[in-house]
Structure formats: C-alpha cells, structure tokens
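Raw protein.cif, mmCIF, C-alpha atoms and all ligand atoms:
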```
data_upload
loop_
_atom_site.label_atom_id
_atom_site.label_comp_id
_atom_site.auth_asym_id
_atom_site.auth_seq_id
_atom_site.Cartn_x
_atom_site.Cartn_y
_atom_site.Cartn_z
CA MET A 1 72.29 5.91 65.48
CA LEU A 2 71.57 9.60 65.09
CA GLU A 3 72.34 10.75 61.56
CA ILE A 4 72.44 14.44 60.75
CA THR A 5 72.90 15.22 57.07
CA ASP A 6 73.52 18.61 55.43
CA LEU A 7 71.41 20.36 58.04
CA VAL A 8 70.71 24.05 57.48
CA THR A 9 68.73 26.17 59.96
CA GLU A 10 68.28 29.87 59.23
CA PHE A 11 67.14 32.90 61.18
CA ASP A 12 66.12 35.70 58.81
CA SER A 13 68.27 34.12 56.09
CA VAL A 14 71.32 33.99 58.40
CA LYS A 15 72.48 30.38 58.51
CA ALA A 16 72.91 29.45 62.18
CA LEU A 17 73.53 25.90 60.92
CA ASN A 18 75.27 25.93 57.59
CA GLY A 19 75.31 22.35 56.34
CA ILE A 20 75.94 20.14 59.37
CA THR A 21 76.71 16.45 58.82
CA PHE A 22 77.72 13.99 61.56
CA GLN A 23 76.59 10.82 63.28
CA ALA A 24 76.21 10.01 66.95
CA LYS A 25 76.58 6.34 67.82
CA PRO A 26 74.06 4.66 70.12
CA GLY A 27 75.05 4.13 73.76
CA LEU A 28 77.88 6.64 73.56
CA ILE A 29 78.42 10.26 74.55
CA THR A 30 79.00 12.60 71.65
CA THR A 31 79.88 16.11 72.69
CA VAL A 32 79.26 19.16 70.53
CA ILE A 33 81.62 21.95 71.49
CA GLY A 34 82.28 25.39 70.07
CA ALA A 35 82.42 29.04 70.98
CA ASN A 36 79.40 31.14 71.90
CA GLY A 37 77.23 31.59 68.79
CA ALA A 38 78.66 28.56 66.97
CA GLY A 39 75.18 27.05 66.56
CA LYS A 40 75.19 24.45 69.35
CA SER A 41 71.80 25.31 70.83
CA THR A 42 70.28 25.71 67.38
CA LEU A 43 71.49 22.21 66.54
CA LEU A 44 69.82 20.68 69.62
CA ARG A 45 66.66 22.71 69.11
CA THR A 46 66.48 21.61 65.47
CA ILE A 47 66.86 17.94 66.46
CA SER A 48 64.08 18.24 69.05
CA GLY A 49 61.79 20.05 66.58
CA LEU A 50 61.81 23.46 68.27
CA GLU A 51 63.43 25.01 65.19
CA ARG A 52 62.67 23.95 61.63
CA PRO A 53 65.54 23.29 59.24
CA THR A 54 65.51 24.82 55.77
CA THR A 55 67.16 21.76 54.27
CA GLY A 56 68.85 18.57 55.36
CA SER A 57 67.72 15.60 57.39
CA ILE A 58 67.73 14.19 60.90
CA LYS A 59 67.35 10.44 61.29
CA TRP A 60 67.12 8.43 64.50
CA PHE A 61 67.71 4.79 63.51
CA ASP A 62 65.15 4.23 60.74
CA GLN A 63 62.93 7.15 61.73
CA GLU A 64 63.00 10.37 59.77
CA LEU A 65 62.51 13.14 62.37
CA THR A 66 62.98 16.16 60.13
CA HIS A 67 59.37 17.26 59.79
CA LYS A 68 57.82 15.66 62.85
CA SER A 69 56.11 17.59 65.63
CA VAL A 70 57.90 18.16 68.93
CA GLU A 71 55.47 15.72 70.62
CA ALA A 72 56.14 13.03 68.02
CA ILE A 73 59.88 13.52 68.44
CA VAL A 74 59.59 13.12 72.23
CA ARG A 75 57.50 9.99 71.68
CA SER A 76 60.19 8.55 69.44
CA GLY A 77 62.48 8.60 72.48
CA ILE A 78 64.27 11.92 72.33
CA ALA A 79 64.38 14.37 75.23
CA GLN A 80 66.08 17.73 75.51
CA VAL A 81 67.36 19.45 78.62
CA PRO A 82 67.30 23.11 77.56
CA GLU A 83 69.95 25.70 78.29
CA GLY A 84 69.69 27.56 81.59
CA HIS A 85 68.46 24.95 84.11
CA ALA A 86 64.88 25.74 83.14
CA VAL A 87 62.47 24.58 85.83
CA ILE A 88 59.15 25.99 86.99
CA SER A 89 60.03 27.85 90.20
CA GLN A 90 56.54 27.95 91.73
CA LEU A 91 55.95 24.22 91.35
CA SER A 92 57.45 21.70 93.72
CA VAL A 93 60.33 19.45 92.73
CA ALA A 94 57.91 16.50 92.46
CA GLU A 95 55.49 18.47 90.27
CA ASN A 96 58.30 19.51 87.95
CA ILE A 97 59.29 15.87 87.53
CA GLU A 98 55.67 14.91 86.90
CA LEU A 99 55.50 17.46 84.08
CA GLY A 100 58.22 15.53 82.29
CA GLY A 101 55.83 12.60 82.15
CA LEU A 102 53.29 14.52 80.10
CA PHE A 103 54.72 13.51 76.76
CA ARG A 104 55.45 9.92 77.77
CA ARG A 105 55.47 7.45 74.98
CA ARG A 106 53.16 4.94 76.65
CA ILE A 107 51.47 5.96 79.84
CA ALA A 108 50.91 2.77 81.73
CA ARG A 109 49.55 3.10 85.24
CA GLY A 110 52.38 3.20 87.72
CA ASP A 111 54.96 3.68 85.01
CA LEU A 112 55.60 7.32 85.85
CA ALA A 113 55.95 6.34 89.51
CA ILE A 114 58.69 3.86 88.59
CA ALA A 115 60.50 6.35 86.37
CA THR A 116 60.23 8.96 89.15
CA ARG A 117 61.70 6.53 91.70
CA GLU A 118 64.61 5.94 89.32
CA VAL A 119 65.43 9.62 89.01
CA TYR A 120 65.24 10.02 92.80
CA GLU A 121 67.75 7.18 93.10
CA LEU A 122 70.00 9.00 90.69
CA PHE A 123 69.61 12.34 92.52
CA PRO A 124 68.76 11.60 96.20
CA ILE A 125 68.90 15.31 97.04
CA LEU A 126 65.82 15.81 94.84
CA TYR A 127 63.95 13.17 96.83
CA GLU A 128 64.83 14.97 100.05
CA ARG A 129 63.53 18.22 98.62
CA ARG A 130 60.60 16.80 96.64
CA ASN A 131 57.96 18.94 98.34
CA GLU A 132 59.89 22.19 98.18
CA PRO A 133 59.39 24.76 95.40
CA ALA A 134 61.91 24.35 92.58
CA GLY A 135 62.73 28.03 93.01
CA SER A 136 64.39 27.24 96.34
CA LEU A 137 66.94 24.87 94.78
CA SER A 138 70.59 25.71 94.15
CA GLY A 139 71.79 26.01 90.54
CA GLY A 140 73.20 22.49 90.59
CA GLU A 141 70.01 21.01 92.03
CA ARG A 142 67.98 22.88 89.44
CA GLN A 143 70.10 21.31 86.70
CA MET A 144 69.55 17.88 88.28
CA LEU A 145 65.83 18.60 88.23
CA ALA A 146 65.90 19.67 84.57
CA ILE A 147 67.71 16.41 83.72
CA SER A 148 65.25 14.38 85.82
CA ARG A 149 62.33 15.93 84.00
CA ALA A 150 63.82 14.77 80.72
CA LEU A 151 64.62 11.30 82.08
CA VAL A 152 61.08 10.46 83.24
CA SER A 153 60.06 10.41 79.58
CA ARG A 154 62.47 7.41 79.38
CA PRO A 155 64.44 8.77 76.44
CA LYS A 156 66.77 6.74 74.26
CA LEU A 157 68.55 9.90 73.18
CA LEU A 158 69.24 12.69 75.67
CA LEU A 159 70.11 16.15 74.36
CA LEU A 160 71.86 18.28 76.98
CA ASP A 161 72.47 21.97 76.40
CA GLU A 162 75.37 23.28 78.50
CA PRO A 163 74.48 21.54 81.76
CA SER A 164 77.56 22.98 83.47
CA LEU A 165 76.85 26.62 82.57
CA GLY A 166 77.04 28.88 85.60
CA LEU A 167 77.78 26.05 88.03
CA ALA A 168 80.78 25.70 90.32
CA PRO A 169 83.36 23.30 88.80
CA LEU A 170 82.78 20.59 91.43
CA ILE A 171 79.02 20.64 90.92
CA SER A 172 79.27 20.58 87.14
CA ALA A 173 81.75 17.67 87.35
CA GLN A 174 79.28 15.81 89.57
CA ILE A 175 76.44 16.33 87.08
CA ILE A 176 78.55 15.31 84.08
CA ASN A 177 79.67 12.20 85.99
CA ILE A 178 76.10 11.17 86.69
CA VAL A 179 75.22 11.58 83.01
CA ASN A 180 78.28 9.49 82.17
CA GLN A 181 77.26 6.71 84.61
CA LEU A 182 73.73 6.75 83.27
CA CYS A 183 74.96 6.36 79.71
CA ARG A 184 77.30 3.50 80.65
CA SER A 185 74.74 1.65 82.78
CA THR A 186 71.62 2.00 80.62
CA GLY A 187 72.85 2.37 77.05
CA LEU A 188 71.38 5.86 76.80
CA THR A 189 72.72 7.83 73.83
CA VAL A 190 73.88 11.31 74.82
CA LEU A 191 74.47 14.43 72.77
CA LEU A 192 76.20 16.80 75.17
CA VAL A 193 76.60 20.45 74.19
CA GLU A 194 79.27 22.30 76.11
CA GLN A 195 81.27 25.48 75.90
CA ASN A 196 83.58 23.97 78.48
CA ALA A 197 85.39 21.64 76.08
CA ASN A 198 87.67 19.97 78.61
CA THR A 199 84.85 18.94 80.94
CA ALA A 200 82.87 17.47 78.06
CA LEU A 201 85.73 15.78 76.21
CA ALA A 202 86.88 14.13 79.45
CA VAL A 203 83.75 11.94 79.54
CA ALA A 204 82.76 11.86 75.87
CA ASP A 205 83.57 9.16 73.33
CA HIS A 206 83.44 11.48 70.37
CA GLY A 207 83.76 15.20 69.77
CA ILE A 208 82.16 17.45 67.17
CA LEU A 209 83.61 20.96 67.00
CA LEU A 210 81.33 23.63 65.54
CA SER A 211 82.30 27.03 64.29
CA LEU A 212 79.91 29.49 62.63
CA GLY A 213 77.37 26.79 61.91
CA LYS A 214 79.81 24.30 60.40
CA VAL A 215 81.53 21.16 61.64
CA VAL A 216 85.24 21.96 61.70
CA ALA A 217 86.38 18.77 63.46
CA ASP A 218 84.80 15.35 63.97
CA LEU A 219 87.16 13.23 66.06
CA PRO A 220 87.38 10.70 68.87
CA ALA A 221 87.29 12.69 72.13
CA LYS A 222 90.75 11.48 73.17
CA ILE A 223 92.28 12.87 70.00
CA MET A 224 90.35 16.13 70.13
CA ILE A 225 91.33 16.81 73.73
CA ALA A 226 95.01 16.42 72.86
CA ASP A 227 94.84 18.81 69.91
CA SER A 228 95.90 22.16 71.29
CA SER A 229 95.93 23.83 67.87
CA LEU A 230 92.22 23.09 67.38
CA ARG A 231 91.50 24.59 70.77
CA ALA A 232 93.60 27.65 70.07
CA ALA A 233 91.93 28.21 66.68
CA TYR A 234 88.30 27.71 67.67
CA LEU A 235 87.94 27.99 71.41
CA GLY A 236 90.51 30.67 72.17
CA TYR A 237 92.54 28.87 74.86
N1 LIG A 301 65.85 32.77 67.69
C1 LIG A 301 66.88 33.32 67.03
N2 LIG A 301 66.69 34.39 66.20
C2 LIG A 301 67.72 34.93 65.51
N3 LIG A 301 68.98 34.49 65.56
C3 LIG A 301 69.23 33.44 66.38
C4 LIG A 301 68.20 32.81 67.14
N4 LIG A 301 68.76 31.78 67.85
C5 LIG A 301 70.07 31.78 67.54
N5 LIG A 301 70.36 32.78 66.66
C6 LIG A 301 71.69 33.05 66.08
O1 LIG A 301 72.21 31.83 65.59
C7 LIG A 301 73.59 31.71 65.87
C8 LIG A 301 73.86 30.46 66.69
O2 LIG A 301 73.29 30.62 67.96
P1 LIG A 301 73.23 29.45 69.04
O3 LIG A 301 72.74 28.22 68.38
O4 LIG A 301 72.47 29.96 70.20
O5 LIG A 301 74.78 29.28 69.39
P2 LIG A 301 75.48 28.59 70.66
O6 LIG A 301 74.47 27.79 71.37
O7 LIG A 301 76.58 27.78 70.06
O8 LIG A 301 76.02 29.70 71.50
C9 LIG A 301 73.99 32.99 66.58
O9 LIG A 301 74.53 33.88 65.63
C10 LIG A 301 72.68 33.50 67.14
O10 LIG A 301 72.71 34.90 67.25
MG MG A 302 73.78 27.80 73.32
#
```

In structure tokens, what does this structure look like?
Amino acid sequence: MLEITDLVTEFDSVKALNGITFQAKPGLITTVIGANGAGKSTLLRTISGLERPTTGSIKWFDQELTHKSVEAIVRSGIAQVPEGHAVISQLSVAENIELGGLFRRRIARGDLAIATREVYELFPILYERRNEPAGSLSGGERQMLAISRALVSRPKLLLLDEPSLGLAPLISAQIINIVNQLCRSTGLTVLLVEQNANTALAVADHGILLSLGKVVADLPAKIMIADSSLRAAYLGY
C-alpha cells in the first residue's frame, strides 16, 4: 500500500502540493487526474525523490520513503516513467533498456537478460527495432521504450506520468491496455497520471482528482467517470 499523508511540496514558497492525502492499494491502478498545473507531475516526482517535500510523509508498505535518496527509492521497488517519452535518442533501443537496469535492486548475473526478454515479449516492436537508435522510433514506440526502461528494474510500484500525451488515440489506448494487462497479470501497483481523464478512468480501479495542489475527489473510478459535474468543475468538459 502506498500511503501519502499531508504532503506539501513548494517551489519558491508556492505550494505545488498543498496537503495531499490518499492511499493507493497494491495490485490496482490508481489514476491521478487534473488540469494542467494541478500538481500531478510534482506528486510523482516527490514520490520518486526528485523533489523534496516540505512536510508530510510517503510510505510504501512499512517503508518510510520521505527522505530517502532517489537510488534508495528505486531499490525499494519504485520506478517512474517521466513525462514526455524521455529516451536517449543516440543510444539504441537495447542500450536504453539496459540503462534501466543500472539501479536494479539485486544484480544477479543473467537477471537483466531475463527482465529484458520480458519487456520484449510485452513490446515485440521494440525487439524488432532493438539495434536502431531510439531517436528513430515513433512517439508511441518511444513511450513503450520509456516504460520498458522502468520495467527492467522490476518495480513493485510503477509511476506513469501522462503516457498518452501527444500520442494518437489508438496508440495511447494500446499503451494503457498493456499497462492494464501487466497490472492484472503480475500484481504490479500502478499510479497513472493523466490529463485525459476518460482514458485513465476506463482502466483504473480508483481515481484521485487534483486541483491546485489539493485532492478534490477520491473515488472509485466507476463513480468518478460517471460524475459529469466533477468533470465540468475541474477538467472543463
Ligand atoms: N521546477 C519548478 N519550479 C517552479 N514551479 C514549478 C516547478 N515544477 C512545477 N511547478 C509549478 O507547480 C505547479 C504544479 O505543476 P505540475 O506538477 O507540473 O502540474 P501538472 O503535472 O499537473 O500539470 C504549477 O503551478 C507549476 O508551475
Ligand atoms: Mg505534468
């Protein structure tokens, strides 16, 4: 269980997160939705240790993550796929995946090879293109690569920041479906940040709606998706 309590993260005394409290249950998909600037990326970056909270706590089962280093957080089984399909263009697909193994929790010989084979099974197109530079991939393939790089660290909790951003609807649906399958088949816990609320709520178990750094709704996804007044008030459609 991921437990976020009274989390505050500030930039120059502006509270990007202004007292966030919620829990994400293991083996389920929790989606964090909200308009641009709501604090979604800051939330993920604070969980993965890239931003430091002013106050509050982040717990993953019995581990207190709040003041741990990024490396220690990765080793405790948490991996983030950053916003913007970030891959290293000059390196090959295979080399990008290998990079994800750098912070592995326990580097047994052959272990990375097994994890790499698993991600190629999940995304066969990446296997086909393994020797090509990542810069030659389409946007969707680049997102698959960014996810693969996170998955080779064998995370228990996957943090995904707007995986569908800038992708054609069919491609983003395909990526979200693969994440969904992965969660259902392996028990992976997923925290999925999306601006596209409908796409995310369609696969999620639970929804957290953020506005101006606060949680304004914390509901089962099925209930949130049916609530048109929430959407109108906070998402503008
Ligand atoms: N590195 C930063 N420095 C200053 N302000 C930031 C920084 N990152 C985010 N912010 C501010 O924090 C707020 C939340 O941003 P962000 O978490 O990126 O929102 P979202 O991902 O929901 O669009 C915004 O007002 C944004 O301008
Ligand atoms: Mg963002």

Practice prompt. For atom CA of A:Thr42 and atom CA of A:Ala204, quote the distance in Å rounded to one decimal.
Written response: 20.5 Å

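Residue nearest ligand LIG 301 (chain A) within the list A:Gly236, A:Pro26, A:Pro53, A:Gly213: A:Gly213 [criterion: smallest interatomic distance, all atoms listed in the file].
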
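Minimum distance to A:Ile78 across A:Leu65, A:Ala146, A:Val32, A:Ala115 (counting only C-alpha atoms) occurs at A:Leu65.
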
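Each of A:Ala86, A:Val193, A:Lys59, A:Thr54 was compared to A:Gly19 using all atoms listed in the file, and A:Thr54 turns out to be the nearest.
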
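Nearest residue to A:Tyr234 among A:Ala150, A:Leu182, A:Ala38, A:Leu160 is A:Ala38, counting all atoms listed in the file.
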
Discussion item. Taking only C-alpha atoms and all ligand atoms into account, which residues have an atom no farther than 9 Å from ligand MG 302 (chain A)? I'd like them as a ChimeraX atom specification.
Written reply: /A:36-42,44,83,161-162,193-195

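Across A:Leu158, A:Ile114, A:Ile225, A:Val93, the tightest approach to A:Glu141 is made by A:Val93 when counting all atoms listed in the file.
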